[in-house]
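Asks: For reference, the file data.cif (mmCIF, C-alpha atoms (C1' of nucleotides)) is included below:
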data_my_file
loop_
_atom_site.label_atom_id
_atom_site.label_comp_id
_atom_site.auth_asym_id
_atom_site.auth_seq_id
_atom_site.Cartn_x
_atom_site.Cartn_y
_atom_site.Cartn_z
CA MET D 255 -123.28 -105.90 -75.34
CA ARG D 256 -121.08 -105.71 -78.40
CA ALA D 257 -118.63 -108.54 -79.08
CA ASP D 258 -115.53 -106.40 -78.54
CA ALA D 259 -116.95 -104.97 -75.35
CA LYS D 260 -117.57 -108.45 -74.01
CA ARG D 261 -114.06 -109.52 -74.93
CA ASN D 262 -112.57 -106.58 -73.07
CA TYR D 263 -114.85 -107.20 -70.11
CA ASP D 264 -113.66 -110.78 -69.84
CA GLN D 265 -110.02 -109.83 -70.21
CA ILE D 266 -110.33 -107.23 -67.48
CA LEU D 267 -111.99 -109.76 -65.20
CA ALA D 268 -109.21 -112.29 -65.77
CA ALA D 269 -106.49 -109.73 -65.15
CA ALA D 270 -108.29 -108.45 -62.06
CA GLU D 271 -108.57 -111.94 -60.65
CA ALA D 272 -104.83 -112.48 -60.96
CA GLU D 273 -103.87 -109.07 -59.66
CA ILE D 274 -106.29 -109.09 -56.72
CA ALA D 275 -105.05 -112.52 -55.72
CA ARG D 276 -101.55 -111.07 -55.64
CA SER D 277 -102.16 -107.63 -54.14
CA GLY D 278 -105.52 -107.75 -52.39
CA ALA D 279 -108.52 -105.49 -52.66
CA ASP D 280 -106.49 -102.34 -53.17
CA ALA D 281 -104.73 -103.64 -56.25
CA SER D 282 -103.83 -101.03 -58.84
CA LEU D 283 -106.64 -100.62 -61.34
CA GLU D 284 -104.16 -99.16 -63.80
CA LYS D 285 -102.10 -102.31 -63.66
CA ILE D 286 -105.16 -104.49 -64.13
CA ALA D 287 -106.08 -102.49 -67.22
CA ARG D 288 -102.51 -102.71 -68.51
CA ASP D 289 -102.40 -106.48 -67.97
CA ALA D 290 -105.75 -106.85 -69.66
CA GLY D 291 -104.43 -104.91 -72.65
CA VAL D 292 -107.05 -102.17 -72.44
CA GLY D 293 -107.00 -98.51 -71.50
CA SER D 294 -107.84 -97.53 -67.96
CA ALA D 295 -110.89 -95.69 -69.24
CA THR D 296 -112.29 -98.96 -70.53
CA LEU D 297 -111.87 -100.56 -67.15
CA HIS D 298 -113.60 -97.63 -65.48
CA ARG D 299 -116.46 -97.75 -67.96
CA HIS D 300 -117.12 -101.44 -67.40
CA PHE D 301 -116.63 -101.20 -63.64
CA PRO D 302 -117.55 -97.75 -62.37
CA SER D 303 -116.20 -98.47 -58.90
CA ARG D 304 -113.56 -100.67 -57.37
CA GLN D 305 -116.34 -102.37 -55.48
CA SER D 306 -118.17 -103.38 -58.63
CA LEU D 307 -115.00 -104.98 -60.03
CA LEU D 308 -114.42 -106.90 -56.82
CA GLU D 309 -117.99 -108.12 -56.84
CA ALA D 310 -117.64 -109.38 -60.37
CA VAL D 311 -114.37 -111.13 -59.62
CA PHE D 312 -115.68 -112.92 -56.56
CA HIS D 313 -119.17 -113.66 -57.79
CA ASP D 314 -118.45 -117.15 -59.12
CA ARG D 315 -116.51 -118.23 -56.07
CA VAL D 316 -119.17 -116.95 -53.72
CA GLU D 317 -121.65 -118.96 -55.69
CA VAL D 318 -119.61 -122.09 -54.99
CA LEU D 319 -119.80 -121.33 -51.27
CA CYS D 320 -123.53 -120.86 -51.52
CA ALA D 321 -123.90 -124.16 -53.35
CA LYS D 322 -122.02 -125.81 -50.51
CA ALA D 323 -124.45 -124.22 -48.07
CA ARG D 324 -127.36 -125.68 -50.01
CA GLU D 325 -125.80 -129.14 -49.82
CA LEU D 326 -125.22 -128.76 -46.10
CA SER D 327 -128.80 -127.68 -45.52
CA THR D 328 -129.82 -131.35 -45.47
CA ALA D 329 -126.95 -132.51 -43.27
CA ALA D 330 -127.66 -134.60 -40.20
CA ASP D 331 -126.08 -132.22 -37.69
CA PRO D 332 -127.20 -128.63 -38.41
CA GLY D 333 -124.93 -127.12 -35.75
CA ARG D 334 -121.86 -128.79 -37.15
CA ALA D 335 -122.95 -127.96 -40.69
CA LEU D 336 -123.24 -124.26 -39.87
CA ALA D 337 -119.92 -124.24 -38.03
CA GLY D 338 -118.17 -125.94 -40.91
CA TRP D 339 -119.63 -123.55 -43.44
CA LEU D 340 -118.62 -120.49 -41.45
CA ARG D 341 -115.14 -121.92 -41.19
CA ASP D 342 -115.05 -122.41 -44.95
CA LEU D 343 -116.22 -118.87 -45.45
CA ALA D 344 -113.52 -117.43 -43.20
CA VAL D 345 -110.79 -119.57 -44.73
CA PHE D 346 -111.95 -118.59 -48.17
CA GLY D 347 -111.90 -114.91 -47.20
CA ALA D 348 -108.51 -115.13 -45.56
CA THR D 349 -106.86 -116.92 -48.46
CA THR D 350 -108.67 -115.08 -51.25
CA ARG D 351 -107.01 -111.76 -50.66
CA GLY D 352 -109.47 -108.97 -51.13
CA LEU D 353 -112.78 -110.73 -50.62
CA ALA D 354 -113.04 -109.78 -46.99
CA GLU D 355 -112.18 -106.16 -47.65
CA ALA D 356 -114.71 -106.14 -50.43
CA MET D 357 -117.43 -107.51 -48.19
CA LEU D 358 -116.55 -104.99 -45.50
CA TYR D 359 -117.26 -102.02 -47.71
CA ALA D 360 -120.20 -103.62 -49.47
CA THR D 361 -123.41 -101.66 -49.20
CA PRO D 362 -125.94 -104.34 -48.33
CA ALA D 363 -128.50 -102.99 -50.75
CA VAL D 364 -126.02 -103.00 -53.60
CA SER D 365 -123.90 -106.02 -52.91
CA ASP D 366 -124.82 -109.13 -54.80
CA CYS D 367 -122.37 -111.44 -53.01
CA GLU D 368 -123.51 -110.17 -49.65
CA VAL D 369 -127.12 -111.07 -50.40
CA MET D 370 -126.19 -114.51 -51.71
CA LEU D 371 -124.19 -115.35 -48.62
CA ARG D 372 -126.88 -114.04 -46.33
CA ASP D 373 -129.52 -116.20 -47.95
CA ALA D 374 -127.39 -119.33 -48.01
CA GLY D 375 -126.05 -118.89 -44.49
CA GLY D 376 -129.43 -117.87 -43.11
CA THR D 377 -130.95 -121.18 -44.10
CA LEU D 378 -128.18 -123.11 -42.37
CA MET D 379 -128.48 -120.95 -39.27
CA ARG D 380 -132.23 -121.26 -38.90
CA ARG D 381 -131.96 -125.03 -39.07
CA ALA D 382 -129.28 -124.97 -36.36
CA GLN D 383 -131.47 -122.73 -34.26
CA ALA D 384 -134.45 -125.03 -34.71
CA THR D 385 -132.50 -127.94 -33.25
CA GLY D 386 -131.18 -125.76 -30.42
CA ASP D 387 -127.60 -125.98 -31.57
CA VAL D 388 -127.46 -122.22 -31.96
CA ARG D 389 -128.94 -119.55 -29.74
CA ALA D 390 -132.13 -117.96 -31.00
CA ASP D 391 -130.88 -114.41 -30.48
CA VAL D 392 -128.09 -114.69 -33.04
CA ALA D 393 -128.55 -113.04 -36.43
CA ILE D 394 -127.03 -114.25 -39.67
CA ASP D 395 -125.40 -110.85 -40.16
CA ASP D 396 -123.58 -111.32 -36.87
CA LEU D 397 -122.20 -114.64 -38.00
CA LEU D 398 -121.18 -113.38 -41.41
CA THR D 399 -119.53 -110.36 -39.82
CA VAL D 400 -117.57 -112.53 -37.40
CA ALA D 401 -116.40 -114.82 -40.19
CA ASN D 402 -115.53 -111.79 -42.28
CA ALA D 403 -113.75 -110.17 -39.35
CA VAL D 404 -111.56 -113.22 -38.90
CA SER D 405 -110.79 -113.15 -42.61
CA LEU D 406 -109.69 -109.54 -42.32
CA ALA D 407 -107.42 -110.18 -39.37
CA THR D 408 -105.71 -113.30 -40.67
CA ARG D 409 -103.79 -114.13 -43.84
CA ASP D 410 -103.57 -117.81 -43.18
CA ALA D 411 -106.08 -120.64 -43.56
CA THR D 412 -105.03 -122.39 -40.35
CA ASP D 413 -105.34 -119.25 -38.25
CA ALA D 414 -108.67 -118.36 -39.82
CA ALA D 415 -110.10 -121.80 -39.16
CA ARG D 416 -108.85 -121.86 -35.57
CA LEU D 417 -110.21 -118.41 -34.74
CA VAL D 418 -113.62 -119.01 -36.27
CA THR D 419 -113.87 -122.26 -34.37
CA LEU D 420 -112.87 -120.42 -31.22
CA ALA D 421 -115.51 -117.77 -31.80
CA ILE D 422 -118.16 -120.40 -32.50
CA GLU D 423 -117.38 -122.49 -29.46
CA GLY D 424 -116.55 -119.60 -27.16
CA ILE D 425 -113.49 -119.34 -24.99
CA GLY D 426 -115.02 -120.84 -21.86
CA GLY D 427 -114.61 -124.36 -20.51
CA PRO D 428 -111.53 -126.21 -19.31
CA ALA D 429 -110.23 -127.37 -22.70
CA GLY D 430 -110.90 -127.33 -26.40
CA HIS D 431 -114.05 -129.27 -27.13
CA SER D 432 -114.25 -129.95 -30.81
CA GLY D 433 -117.86 -131.04 -30.92
CA GLY D 434 -121.03 -129.15 -30.05
CA MET U 1417 -83.88 -83.41 -29.54
CA ARG U 1418 -83.80 -79.75 -30.38
CA ALA U 1419 -86.60 -77.50 -29.18
CA ASP U 1420 -87.93 -76.73 -32.67
CA ALA U 1421 -87.83 -80.40 -33.61
CA LYS U 1422 -89.87 -81.28 -30.55
CA ARG U 1423 -92.39 -78.55 -31.35
CA ASN U 1424 -92.83 -79.90 -34.88
CA TYR U 1425 -93.06 -83.44 -33.59
CA ASP U 1426 -95.90 -82.49 -31.25
CA GLN U 1427 -97.72 -80.50 -33.91
CA ILE U 1428 -97.54 -83.43 -36.31
CA LEU U 1429 -98.85 -85.77 -33.64
CA ALA U 1430 -101.78 -83.48 -32.88
CA ALA U 1431 -102.66 -83.07 -36.54
CA ALA U 1432 -102.31 -86.81 -37.11
CA GLU U 1433 -104.63 -87.59 -34.23
CA ALA U 1434 -107.35 -85.36 -35.68
CA GLU U 1435 -106.91 -86.56 -39.24
CA ILE U 1436 -106.73 -90.25 -38.38
CA ALA U 1437 -109.86 -89.93 -36.27
CA ARG U 1438 -111.59 -88.50 -39.32
CA SER U 1439 -110.17 -90.66 -42.11
CA GLY U 1440 -108.77 -93.79 -40.50
CA ALA U 1441 -105.39 -95.43 -40.82
CA ASP U 1442 -104.94 -94.52 -44.46
CA ALA U 1443 -105.25 -90.80 -43.86
CA SER U 1444 -103.20 -88.59 -46.14
CA LEU U 1445 -99.77 -87.94 -44.66
CA GLU U 1446 -99.48 -84.86 -46.84
CA LYS U 1447 -102.61 -83.40 -45.32
CA ILE U 1448 -101.38 -84.15 -41.81
CA ALA U 1449 -98.14 -82.32 -42.56
CA ARG U 1450 -100.07 -79.42 -44.07
CA ASP U 1451 -102.38 -79.19 -41.04
CA ALA U 1452 -99.38 -79.32 -38.73
CA GLY U 1453 -97.79 -76.48 -40.64
CA VAL U 1454 -94.67 -78.43 -41.59
CA GLY U 1455 -93.30 -79.80 -44.82
CA SER U 1456 -93.99 -83.38 -45.72
CA ALA U 1457 -90.28 -84.14 -45.45
CA THR U 1458 -90.35 -83.19 -41.79
CA LEU U 1459 -93.18 -85.60 -41.15
CA HIS U 1460 -91.33 -88.37 -42.94
CA ARG U 1461 -88.17 -87.65 -40.97
CA HIS U 1462 -89.90 -87.85 -37.61
CA PHE U 1463 -92.01 -90.83 -38.63
CA PRO U 1464 -90.24 -92.96 -41.22
CA SER U 1465 -93.30 -95.11 -41.84
CA ARG U 1466 -97.03 -94.73 -41.58
CA GLN U 1467 -96.96 -97.45 -38.98
CA SER U 1468 -94.61 -95.50 -36.71
CA LEU U 1469 -96.90 -92.48 -36.82
CA LEU U 1470 -99.93 -94.60 -35.98
CA GLU U 1471 -98.06 -96.17 -33.09
CA ALA U 1472 -97.15 -92.76 -31.69
CA VAL U 1473 -100.71 -91.51 -32.04
CA PHE U 1474 -102.25 -94.47 -30.26
CA HIS U 1475 -99.56 -95.07 -27.68
CA ASP U 1476 -101.18 -93.03 -24.90
CA ARG U 1477 -104.60 -94.51 -25.43
CA VAL U 1478 -103.29 -98.04 -25.50
CA GLU U 1479 -101.55 -97.29 -22.24
CA VAL U 1480 -104.93 -96.41 -20.73
CA LEU U 1481 -106.28 -99.77 -21.85
CA CYS U 1482 -103.30 -101.52 -20.30
CA ALA U 1483 -103.78 -99.65 -17.04
CA LYS U 1484 -107.36 -100.88 -17.03
CA ALA U 1485 -106.09 -104.41 -17.50
CA ARG U 1486 -103.80 -104.02 -14.50
CA GLU U 1487 -106.73 -102.86 -12.38
CA LEU U 1488 -108.83 -105.80 -13.55
CA SER U 1489 -106.06 -108.25 -12.74
CA THR U 1490 -107.20 -108.26 -9.13
CA ALA U 1491 -110.92 -108.50 -9.91
CA ALA U 1492 -113.01 -111.14 -8.20
CA ASP U 1493 -114.19 -112.85 -11.39
CA PRO U 1494 -111.24 -113.36 -13.79
CA GLY U 1495 -113.41 -114.70 -16.61
CA ARG U 1496 -115.70 -111.73 -16.53
CA ALA U 1497 -112.74 -109.37 -16.16
CA LEU U 1498 -111.09 -110.78 -19.29
CA ALA U 1499 -114.33 -110.68 -21.25
CA GLY U 1500 -114.96 -107.09 -20.24
CA TRP U 1501 -111.47 -106.03 -21.17
CA LEU U 1502 -111.63 -107.68 -24.58
CA ARG U 1503 -114.93 -105.93 -25.16
CA ASP U 1504 -113.34 -102.60 -24.25
CA LEU U 1505 -110.47 -103.32 -26.59
CA ALA U 1506 -112.77 -104.09 -29.50
CA VAL U 1507 -115.00 -101.09 -28.84
CA PHE U 1508 -111.96 -98.88 -28.60
CA GLY U 1509 -110.62 -100.25 -31.87
CA ALA U 1510 -113.94 -99.93 -33.66
CA THR U 1511 -114.53 -96.35 -32.56
CA THR U 1512 -110.93 -95.15 -32.80
CA ARG U 1513 -110.70 -95.34 -36.54
CA GLY U 1514 -107.31 -96.61 -37.56
CA LEU U 1515 -106.16 -98.44 -34.47
CA ALA U 1516 -107.36 -101.80 -35.67
CA GLU U 1517 -105.78 -101.36 -39.08
CA ALA U 1518 -102.58 -100.29 -37.41
CA MET U 1519 -102.54 -103.35 -35.19
CA LEU U 1520 -103.25 -105.59 -38.16
CA TYR U 1521 -100.13 -104.54 -39.99
CA ALA U 1522 -97.98 -104.27 -36.87
CA THR U 1523 -94.88 -106.40 -36.94
CA PRO U 1524 -94.91 -107.99 -33.51
CA ALA U 1525 -91.21 -107.45 -33.00
CA VAL U 1526 -91.48 -103.78 -33.83
CA SER U 1527 -94.85 -102.81 -32.48
CA ASP U 1528 -94.83 -101.15 -29.11
CA CYS U 1529 -98.61 -101.10 -28.66
CA GLU U 1530 -98.86 -104.74 -29.66
CA VAL U 1531 -96.42 -105.77 -26.96
CA MET U 1532 -98.12 -103.67 -24.32
CA LEU U 1533 -101.50 -105.16 -25.07
CA ARG U 1534 -100.14 -108.67 -25.17
CA ASP U 1535 -98.57 -108.28 -21.75
CA ALA U 1536 -101.61 -106.69 -20.18
CA GLY U 1537 -104.08 -109.07 -21.75
CA GLY U 1538 -101.89 -112.09 -21.12
CA THR U 1539 -101.98 -111.54 -17.39
CA LEU U 1540 -105.76 -111.32 -17.41
CA MET U 1541 -106.04 -114.41 -19.53
CA ARG U 1542 -103.74 -116.58 -17.44
CA ARG U 1543 -105.75 -115.72 -14.35
CA ALA U 1544 -108.95 -116.68 -16.13
CA GLN U 1545 -107.34 -119.92 -17.25
CA ALA U 1546 -106.17 -120.69 -13.71
CA THR U 1547 -109.73 -120.52 -12.44
CA GLY U 1548 -110.97 -122.59 -15.36
CA ASP U 1549 -113.04 -119.77 -16.81
CA VAL U 1550 -111.06 -119.94 -20.01
CA ARG U 1551 -109.81 -122.98 -21.88
CA ALA U 1552 -106.13 -123.75 -21.43
CA ASP U 1553 -105.49 -124.12 -25.16
CA VAL U 1554 -106.30 -120.50 -25.97
CA ALA U 1555 -103.45 -118.09 -26.64
CA ILE U 1556 -103.49 -114.38 -25.92
CA ASP U 1557 -102.68 -113.65 -29.55
CA ASP U 1558 -105.84 -115.48 -30.53
CA LEU U 1559 -107.92 -113.32 -28.25
CA LEU U 1560 -106.27 -110.09 -29.36
CA THR U 1561 -106.73 -111.08 -32.97
CA VAL U 1562 -110.40 -111.83 -32.47
CA ALA U 1563 -110.97 -108.50 -30.71
CA ASN U 1564 -108.99 -106.76 -33.41
CA ALA U 1565 -110.91 -108.60 -36.11
CA VAL U 1566 -114.20 -107.42 -34.70
CA SER U 1567 -112.84 -103.88 -34.60
CA LEU U 1568 -111.94 -104.12 -38.26
CA ALA U 1569 -115.33 -105.40 -39.30
CA THR U 1570 -117.47 -102.96 -37.33
CA ARG U 1571 -117.64 -99.19 -37.14
CA ASP U 1572 -119.97 -99.05 -34.21
CA ALA U 1573 -119.45 -99.56 -30.48
CA THR U 1574 -122.68 -101.50 -30.00
CA ASP U 1575 -121.93 -103.93 -32.81
CA ALA U 1576 -118.35 -104.39 -31.65
CA ALA U 1577 -119.41 -105.17 -28.10
CA ARG U 1578 -122.13 -107.56 -29.22
CA LEU U 1579 -119.88 -109.48 -31.57
CA VAL U 1580 -117.00 -109.81 -29.12
CA THR U 1581 -119.42 -111.06 -26.51
CA LEU U 1582 -120.79 -113.53 -29.03
CA ALA U 1583 -117.31 -114.76 -29.87
CA ILE U 1584 -116.41 -115.10 -26.22
CA GLU U 1585 -119.54 -116.97 -25.26
CA GLY U 1586 -119.83 -118.96 -28.44
CA ILE U 1587 -122.95 -119.30 -30.53
CA GLY U 1588 -124.19 -122.50 -28.95
CA GLY U 1589 -126.90 -122.94 -26.36
CA PRO U 1590 -130.62 -122.14 -26.44
CA ALA U 1591 -130.36 -118.40 -25.65
CA GLY U 1592 -127.98 -115.61 -24.84
CA HIS U 1593 -126.33 -116.37 -21.50
CA SER U 1594 -124.59 -113.29 -20.18
CA GLY U 1595 -122.53 -115.02 -17.54
CA GLY U 1596 -119.99 -117.31 -18.50
"C1'" DC K 1199 -121.53 -105.23 -100.79
"C1'" DA K 1200 -121.09 -100.10 -99.26
"C1'" DC K 1201 -122.90 -97.04 -95.91
"C1'" DT K 1202 -124.52 -95.18 -91.51
"C1'" DT K 1203 -124.38 -94.75 -86.83
"C1'" DA K 1204 -124.09 -95.56 -82.21
"C1'" DA K 1205 -121.42 -98.23 -79.14
"C1'" DC K 1206 -116.91 -98.58 -77.88
"C1'" DT K 1207 -112.06 -97.42 -77.39
"C1'" DG K 1208 -107.57 -95.64 -75.29
"C1'" DG K 1209 -104.07 -91.79 -75.18
"C1'" DG K 1210 -103.41 -88.27 -72.52
"C1'" DG K 1211 -104.87 -84.74 -69.00
"C1'" DT K 1212 -105.82 -83.47 -64.02
"C1'" DG K 1213 -105.14 -83.59 -59.40
"C1'" DG K 1214 -103.57 -86.17 -55.51
"C1'" DC K 1215 -100.47 -89.21 -53.19
"C1'" DA K 1216 -95.88 -91.13 -50.72
"C1'" DC K 1217 -91.42 -90.49 -50.38
"C1'" DC K 1218 -86.80 -88.30 -51.27
"C1'" DC K 1219 -83.08 -84.74 -52.26
"C1'" DC K 1220 -80.59 -80.77 -51.11
"C1'" DA K 1221 -79.87 -75.86 -50.50
"C1'" DC K 1222 -81.08 -73.19 -46.74
"C1'" DT K 1223 -82.18 -71.89 -41.74
"C1'" DT K 1224 -81.76 -72.08 -36.80
"C1'" DG K 1225 -80.87 -73.76 -32.10
"C1'" DT K 1226 -76.97 -74.72 -29.30
"C1'" DC K 1227 -72.71 -74.50 -27.18
"C1'" DA K 1228 -67.90 -73.08 -26.79
"C1'" DT L 1251 -70.45 -63.84 -31.00
"C1'" DG L 1252 -69.08 -67.30 -34.20
"C1'" DA L 1253 -69.13 -72.06 -35.92
"C1'" DC L 1254 -71.59 -75.91 -37.07
"C1'" DA L 1255 -74.51 -79.75 -36.75
"C1'" DA L 1256 -79.29 -80.53 -36.34
"C1'" DG L 1257 -83.30 -79.48 -38.46
"C1'" DT L 1258 -86.25 -77.65 -42.26
"C1'" DG L 1259 -89.40 -77.50 -46.40
"C1'" DG L 1260 -89.90 -76.44 -51.45
"C1'" DG L 1261 -89.88 -78.96 -55.12
"C1'" DG L 1262 -88.88 -83.34 -57.84
"C1'" DT L 1263 -90.12 -88.24 -59.12
"C1'" DG L 1264 -93.03 -91.71 -60.03
"C1'" DC L 1265 -97.27 -93.75 -58.90
"C1'" DC L 1266 -102.30 -93.65 -58.68
"C1'" DA L 1267 -107.74 -92.95 -59.74
"C1'" DC L 1268 -110.63 -91.01 -62.63
"C1'" DC L 1269 -112.24 -88.31 -66.77
"C1'" DC L 1270 -112.51 -86.17 -71.53
"C1'" DC L 1271 -112.84 -86.54 -76.33
"C1'" DA L 1272 -111.35 -87.51 -80.96
"C1'" DG L 1273 -110.85 -91.60 -83.37
"C1'" DT L 1274 -112.26 -96.61 -84.29
"C1'" DT L 1275 -115.20 -100.52 -85.08
"C1'" DA L 1276 -119.10 -103.74 -84.78
"C1'" DA L 1277 -123.69 -104.23 -86.24
"C1'" DG L 1278 -127.63 -103.26 -88.75
"C1'" DT L 1279 -129.77 -101.47 -93.43
"C1'" DG L 1280 -130.63 -101.01 -98.34
#
Any chance you could put this one into structure tokens?

Replies:
Amino acid sequence: MRADAKRNYDQILAAAEAEIARSGADASLEKIARDAGVGSATLHRHFPSRQSLLEAVFHDRVEVLCAKARELSTAADPGRALAGWLRDLAVFGATTRGLAEAMLYATPAVSDCEVMLRDAGGTLMRRAQATGDVRADVAIDDLLTVANAVSLATRDATDAARLVTLAIEGIGGPAGHSGG
Amino acid sequence: MRADAKRNYDQILAAAEAEIARSGADASLEKIARDAGVGSATLHRHFPSRQSLLEAVFHDRVEVLCAKARELSTAADPGRALAGWLRDLAVFGATTRGLAEAMLYATPAVSDCEVMLRDAGGTLMRRAQATGDVRADVAIDDLLTVANAVSLATRDATDAARLVTLAIEGIGGPAGHSGG
DNA sequence: CACTTAACTGGGGTGGCACCCCACTTGTCA
DNA sequence: TGACAAGTGGGGTGCCACCCCAGTTAAGTG
């Protein structure tokens, strides 16, 4: 990649990050290009689809989440570790406007972030299943989809955390039981 | 309302129903007007916002769901009744493209459908809480949001039903327990 | 250094959109 | 039947995604 191309690429990415944070996944690509100081054609050349731009923007942050999953994979309580990570994921999605929408339309075969999260979360889940904290008939895609769903339906970290916790624990029982 | 106005209103509604089923909540309003055989201004006069059109389109169907809730409010097993209804709601949202998006952006004070569902679901929930089938610290908005969230994140009735069931039961325990 | 060339660029075009204005049409009622 | 308010839609504005192509520039060569 030529030096000027790389410079433009980075500028577009920075502008996209700011604009997506403000306006969500359907931010104006024209405005991103304008803010980055490049023509819209340049943006479209570097990122042929909206999806590819979103992936690039969120890649680093998703990596942070995955690193957290790797840390948690040696935690004492696998069930609690998984629950906490899913909560983080949903909160992250709800507060990082656009990530959830991006994940929703991600084609599994194409999406880099999707694969990373599946791998990281899958490890946590299997450990929790091994200890019996999580049912054996649950798939990692189900859990990611639920966390993502909550992200889509909330714009607030507190709501996202509460709803994921609710979905993890279930609605049954006489009162909120925070553990197990 | 004048006779010709009513005719146009109905034609717009019919066209909107077809188009939204095909393209979801962000269907082209211009195309709906074209299909209805009216000018776009007429559509915008009858429905000042996209949201108001979506509400009108889904109103009848939401009413059906609410009627179902009223039937279920005398069911023998309140917990199972609530779970079944939430599953229906999510499936309905997932398969009726656009409803979930519409609910997401609904302003509670303004939204007719939102209020109807809250009333209908609230009754079911309180009964389930009275029998101890559902925790006392759960709010109806939480349940509606979770069902809506699942609708947003799935495009398939089977997936929607499975995920709502998962969220209702929780992910804990050694295996899938269908009764709850 | 000058020169070549392929990678790279962005202004401007196309077609589509939401939403609005206003001259015109039509249902309604005295 | 006549008057008029309610209702209409063509066309305008400003925004968007996406593409084309003539011009520009970095990078490699003698």

Asks: Let me make sure I understand: among U:Ser1527, U:Arg1543, U:Gly1455, U:Leu1520, which one has the smallest atom-to-atom distance to chain D if we use only C-alpha atoms?

Replies: U:Leu1520

Asks: Would you mind telling me which residue in U:Ala1421, U:Ala1565, U:Ala1472, U:Ala1430 lies nearest to L:DT1258 when using all atoms listed in the file?

Replies: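 Under the stated criterion, the closest residue is U:Ala1421.
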
Asks: For a quick test of understanding: name the residues of chain U lying within 12 Å of chain K when counting only C-alpha atoms (C1' of nucleotides), and present them as a list in words.

Replies: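 Close to chain K, chain U has Met1417, Arg1418, Ala1419, Asp1420, Ala1421, Lys1422, Asp1442, Ala1443, Ser1444, Leu1445, Glu1446, Lys1447, Ser1456, Ala1457, Thr1458, Leu1459, His1460, Arg1461, Phe1463, Pro1464, Ser1465 and Arg1466 of chain U.
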
Asks: Please measure the separation of atom CA of D:Gly278 and atom CA of D:Lys322, giving the value in Å to one decimal.

Replies: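 Atom-to-atom, atom CA of D:Gly278 and atom CA of D:Lys322 are spaced 24.5 Å apart.
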
Asks: Do you know which residues the PyMOL selection byres ((chain U and resi 1517) around 9) returns on this file, as a list of chain:residue names?

Replies: D:Ala407, U:Gly1440, U:Ala1441, U:Asp1442, U:Gly1509, U:Arg1513, U:Gly1514, U:Leu1515, U:Ala1516, U:Ala1518, U:Met1519, U:Leu1520, U:Tyr1521, U:Ala1522, U:Asn1564, U:Ser1567, U:Leu1568

Asks: Quick one: everything within 9 Å of D:Ala414, counting only C-alpha atoms (C1' of nucleotides), minus sequence neighbours fewer than 2 positions away in the same chain. Send it as a PyMOL selection string.

Replies: chain D and resi 341+344-349+401+404-405+407-412+416-419

Asks: Taking all atoms listed in the file into account, report as a PDB file with C-alpha atoms (C1' of nucleotides), keeping the file's coordinate frame which residues of chain L lie within 9 Å of chain D.

Replies:
ATOM      1  C1'  DC L1266    -102.300 -93.650 -58.680  1.00  0.00           C
ATOM      2  C1'  DA L1267    -107.740 -92.950 -59.740  1.00  0.00           C
ATOM      3  C1'  DC L1268    -110.630 -91.010 -62.630  1.00  0.00           C
ATOM      4  C1'  DC L1269    -112.240 -88.310 -66.770  1.00  0.00           C
ATOM      5  C1'  DT L1275    -115.200-100.520 -85.080  1.00  0.00           C
ATOM      6  C1'  DA L1276    -119.100-103.740 -84.780  1.00  0.00           C
ATOM      7  C1'  DA L1277    -123.690-104.230 -86.240  1.00  0.00           C
TER       8       DA L1277
END

Asks: Which residues match the PyMOL selection byres ((chain D) within 8 of (chain U)) in the file above, as a PyMOL selection string?

Replies: chain D and resi 358+383+386-392+396+399-400+402-407+417+420-430+434

Asks: If you measure from atom CA of U:Leu1429 to atom CA of U:Ala1485, what distance in Å do you get, rounded to one decimal?

Replies: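 Between these atoms lies a distance of 25.7 Å.
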
Asks: Once chain U is best-fit onto chain D by all Cα atoms in order, what RMSD in Å is left?

Replies: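 Here the C-alpha RMSD works out to 0.1 Å.
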
Asks: Rounded to one decimal, what separation in Å do you get between atom CA of D:Gly291 and atom CA of D:Ala270?

Replies: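 Separation of atom CA of D:Gly291 and atom CA of D:Ala270: 11.8 Å.
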
Asks: Using only C-alpha atoms (C1' of nucleotides), which residues sit within 12 Å of D:Arg324 once same-chain residues fewer than 6 positions away are excluded, as a list in words?

Replies: Glu317, Val318, Pro332, Ala335, Leu336, Trp339, Met370, Leu371, Asp373, Ala374, Gly375, Gly376, Thr377, Leu378, Met379 and Arg381 of chain D

Asks: Given all atoms listed in the file as the basis, pick out the residue of U:Leu1502, U:Ala1492, U:Leu1470, U:Val1454 nearest to L:DG1257.

Replies: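 Looking only at the distances to L:DG1257, the closest residue turns out to be U:Val1454.
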
Asks: Output stretch 335-339 of chain D from the block with N, CA and C atoms, as an mmCIF file, in the first residue's frame?

Replies:
data_model
loop_
_atom_site.group_PDB
_atom_site.id
_atom_site.type_symbol
_atom_site.label_atom_id
_atom_site.label_comp_id
_atom_site.auth_asym_id
_atom_site.auth_seq_id
_atom_site.Cartn_x
_atom_site.Cartn_y
_atom_site.Cartn_z
ATOM 1 N N ALA D 335 -17.956 -16.247 34.933
ATOM 2 C CA ALA D 335 -17.068 -15.640 33.934
ATOM 3 C C ALA D 335 -17.806 -15.427 32.617
ATOM 4 N N LEU D 336 -18.514 -16.454 32.179
ATOM 5 C CA LEU D 336 -19.267 -16.356 30.926
ATOM 6 C C LEU D 336 -20.338 -15.277 31.027
ATOM 7 N N ALA D 337 -21.065 -15.294 32.132
ATOM 8 C CA ALA D 337 -22.137 -14.311 32.319
ATOM 9 C C ALA D 337 -21.588 -12.889 32.278
ATOM 10 N N GLY D 338 -20.471 -12.696 32.970
ATOM 11 C CA GLY D 338 -19.873 -11.371 32.995
ATOM 12 C C GLY D 338 -19.422 -10.920 31.615
ATOM 13 N N TRP D 339 -18.861 -11.854 30.870
ATOM 14 C CA TRP D 339 -18.363 -11.508 29.542
ATOM 15 C C TRP D 339 -19.522 -11.158 28.606
#
